[in-house]
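Q: This is the structure I want to talk about, given as structure tokens.
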Amino acid sequence: MRPLTRIFGLRSRVLLGILIAGGWAAWQLQLDFHELLPSNRWDTARDFFHAALSPAIVYEDPTPPGTQPLLAKVAKGIWQTICFAMTAISMAIVGGVLLGFLSSSAWWEDDPVRDTNWLRQLLRNLINPTIVWLTRTFVVLIRSIHELLWAILFLSAMGLNTLTAILAIAVPYTGYFAKVFSEIIDETPRDAAYAIRELGGSPFNVFFFGLLPRALPDITAYACYRFECALRSSAVMGFFGIPTIGYYLRPAFDEQHFHEVWTYLYALILLIVIVDRWSDLLRRRITQ
Amino acid sequence: MSQRNLEIQSLRLKRPTNRFLRFNFLGLLILLVAAWTHLDIPWPELFSSRRIENLQRFVHDIYPYDLRDQPFSFTGFWQWFTKIWSEKGFAATQTTFSMSVVAIILAGGTAMMFVLPASRNVASPEPFLPASQKPQLRRHWPWKMLVAFVRGLFIVARAIPEYIWAFLLIALLGPGAWPAILALAIHNFGILGKLGAEVVENIDPTTPRALRGQGLSRLQIGIVALFPMSLSKWLLFFFYRWETCIREATVLGMLGIVSLGFWTRESRARDWYDEMLLFILLGAMLVLVGDFVSTVTRRWIRRA
């Protein structure tokens with residue numbers, strides 16, 4: 001008889017493992033497929049999806065004079081969403097480049113010509129690995145806490161304001177950028193970097209003029225993708241009292257103004273689609 | 001200016017430039033400045049005495065409650081930890097983990113069904129083969145419509161964040177694990193569908209072309225060639241998205257499903273900041289474990 005490993009290839013075993021894990025998880029959660037039918041909530045569900053066909057242009061209920069028109073509110077929400085995403089991303093990129101520089105193994109490599117000095121040897125063999133290890137641990141920790149949990153932490157520590165909302169997005173995104181930037185930099189061809197080092201460039205010169213420019217297309221592509229994610233995170237921050245699109249969506253849904261809800265949703269979808277198309281275009285131009 | 005500098009100057013002038021990129025860079029810069037100036041950040045207020053007091057209270061409160069006003073002992077800390085862990089932590093961590101697993105399987109399974117009609121090389125009047133006659137517009141547009149429809153579905157699914165999906169679904173399905181699972185599944189369905197279709201579109205067409213020449217249907221080619229050829233990459237994406245699924249699952253509890261996010265919100269509402277921090281760190285640990293399992297499995301698949 002052939003051993004099982006021959007009959008089932010590696011991928012089949014992975015698939016089997018996934019299915020077993022799924023069965024176990026469903027049993028753990030005591031999932032019941034009958035609960036998927038909205039039973040007594042059919043009316044709400046029908047109304048909600050029916051409203052998708054006719055998003056609201058004006059408020060569904062009469063409003064007191066002087067209220068901001070609905071579309072102006074949508075535009076304001078979208079603009080705020082962009083503002084928070086933009087500021088957070090710009091902070092995260094700066095932090096990500098710095099931490100990525102520290103956690104990349106490339107910034108202080110063997111240099112047979114100059115490594116005769118004991119100070120340099122100490123730096124290369126002890127101090128640099130320690131710094132790299134410490135930054136990597138730090139980066140992993142800040143990345144594995146979700147931005148909404150960061151928001152809650154900042155909320156408890158400092159109270160709610162504009163800066164804490166920006167920081168809540170910027171901190172975990174810094175972790176993401178640092179991880180991906182250091183990976184990209186470690187995979188970048190070294191020829192230019194070595195040439196600069198031969199000419200007597202410092203590690204700083206080597207990194208910022210030899211490695212970073214060559215890694216720039218990949219970094220830009222990743223930054224565009226992260227910007228899209230930041231827009232979504234920023235939209236969700238609205239549920240925590242920051243005036244982005246989620247801030248307006250929540251009361252509209254609670255008051256069952258489903259047509260207005262769909263206006264907000266369509267605005268968000270449109271924003272994401274535009275950013276998606278635009279980053280596709282940008283990526284294609286850069287790699288040309 | 002020396003000859004050398006002049007040479008450098010002329011080389012600089014001759015370098016390839018891209019007007020599109022420059023224009024975009026300028027636009028981004030303007031948008032950035034506008035965003036920073038539009039959000040007026042209350043800098044002076046940040047260091048007001050009220051905020052400093054608040055911060056001091058927070059730092060005091062994140063220290064485990066049982067250990068306050070007495071010297072630190074490891075056994076005391078361990079008792080505090082095991083009490084919370086056995087009462088709430090373990091069950092919540094397990095629920096969070098299970099939600100992410102069920103959600104990603106639902107997402108992967110549904111996305112797989114929608115991949116073929118979303119791939120432009122399959123959903124065309126003459127898949128993989130050179131057209132025998134001049135392509136007619138009326139034969140092309142139904143396929144184009146199909147691709148546009150399925151891809152539109154993907155975009156709508158992924159444009160709306162998990163948290164908002166969960167918020168909407170709770171009102172429609174009632175409280176329970178399903179809204180969170182479905183929210184995660186819908187968002188990741190959009191992402192996995194898009195990535196999966198790109199894998200199929202980039203497949204080397206030799207094998208499917210030969211099969212098409214033998215007269216196989218699109219679905220048959222999909223089963224015997226496209227599925228096995230793209231499975232490895234699909235699995236890589238599947239595990240990559242599972243990592244983010246765990247991360248998102250740690251917060252979806254805030255909408256009422258008893259998981260880590262739920263207890264985080266509860267302990268914050270009661271000002272039990274020590275417990276709150278513990279639940280946040282438990283979530284981080286779970287994410288790390290997921291990252292580790294996923295990385296190991298992905299390396300394993302890549303090696304095969």
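Every chain in the structure tokens takes a letter, A first, then B, and so on in the order presented; its residues are numbered from 1, and the ligands are numbered from 1 following the presented order.
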Show me which bits of chain A are within 6 Å of chain B, counting only C-alpha atoms, as a PyMOL selection string.
A: chain A and resi 22+25+38+45+83+144-145+157-158+162+232+269+272
Q: Leaving out B:Trp234 and any residue of its chain fewer than 3 positions from it, which residues lie within 8 Å of it when counting only C-alpha atoms, given as a list in words?
A: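 Result of the neighbour search: Gly196, Val199, Ser230, Leu231, Phe237 and Phe238 of chain B.
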Q: Looking at A:Asp191, A:Asp61, A:Asp280, A:Asp186, which one is nearest to A:Glu228, with distances taken over only C-alpha atoms?
A: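 Checking each candidate against A:Glu228, we get A:Asp280 as the closest.
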Q: One decimal, Å: what's the distance from atom CA of A:Ile242 over to atom CA of A:Tyr222, could you say?
A: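 Between atom CA of A:Ile242 and atom CA of A:Tyr222 the gap is 26.2 Å.
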Q: Choose the residue, out of B:Leu255, B:Ala166, B:Val122, B:Leu195, that has the smallest atom-to-atom separation from B:Ile181; count only C-alpha atoms.
A: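 Under the stated criterion, the closest residue is B:Ala166.
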Q: Work out how far atom CA of A:Pro217 is from atom CA of A:Ile286, in Å to one decimal.
A: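 So the answer is 6.1 Å.
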Q: What residues in stretch 78-233 of chain B get the DSSP label alpha helix (DSSP H)? Please answer as number ranges by chain.
A: B: 78-84, 90-118, 137-159, 162-173, 177-201, 206-213, 218-221, 227-233
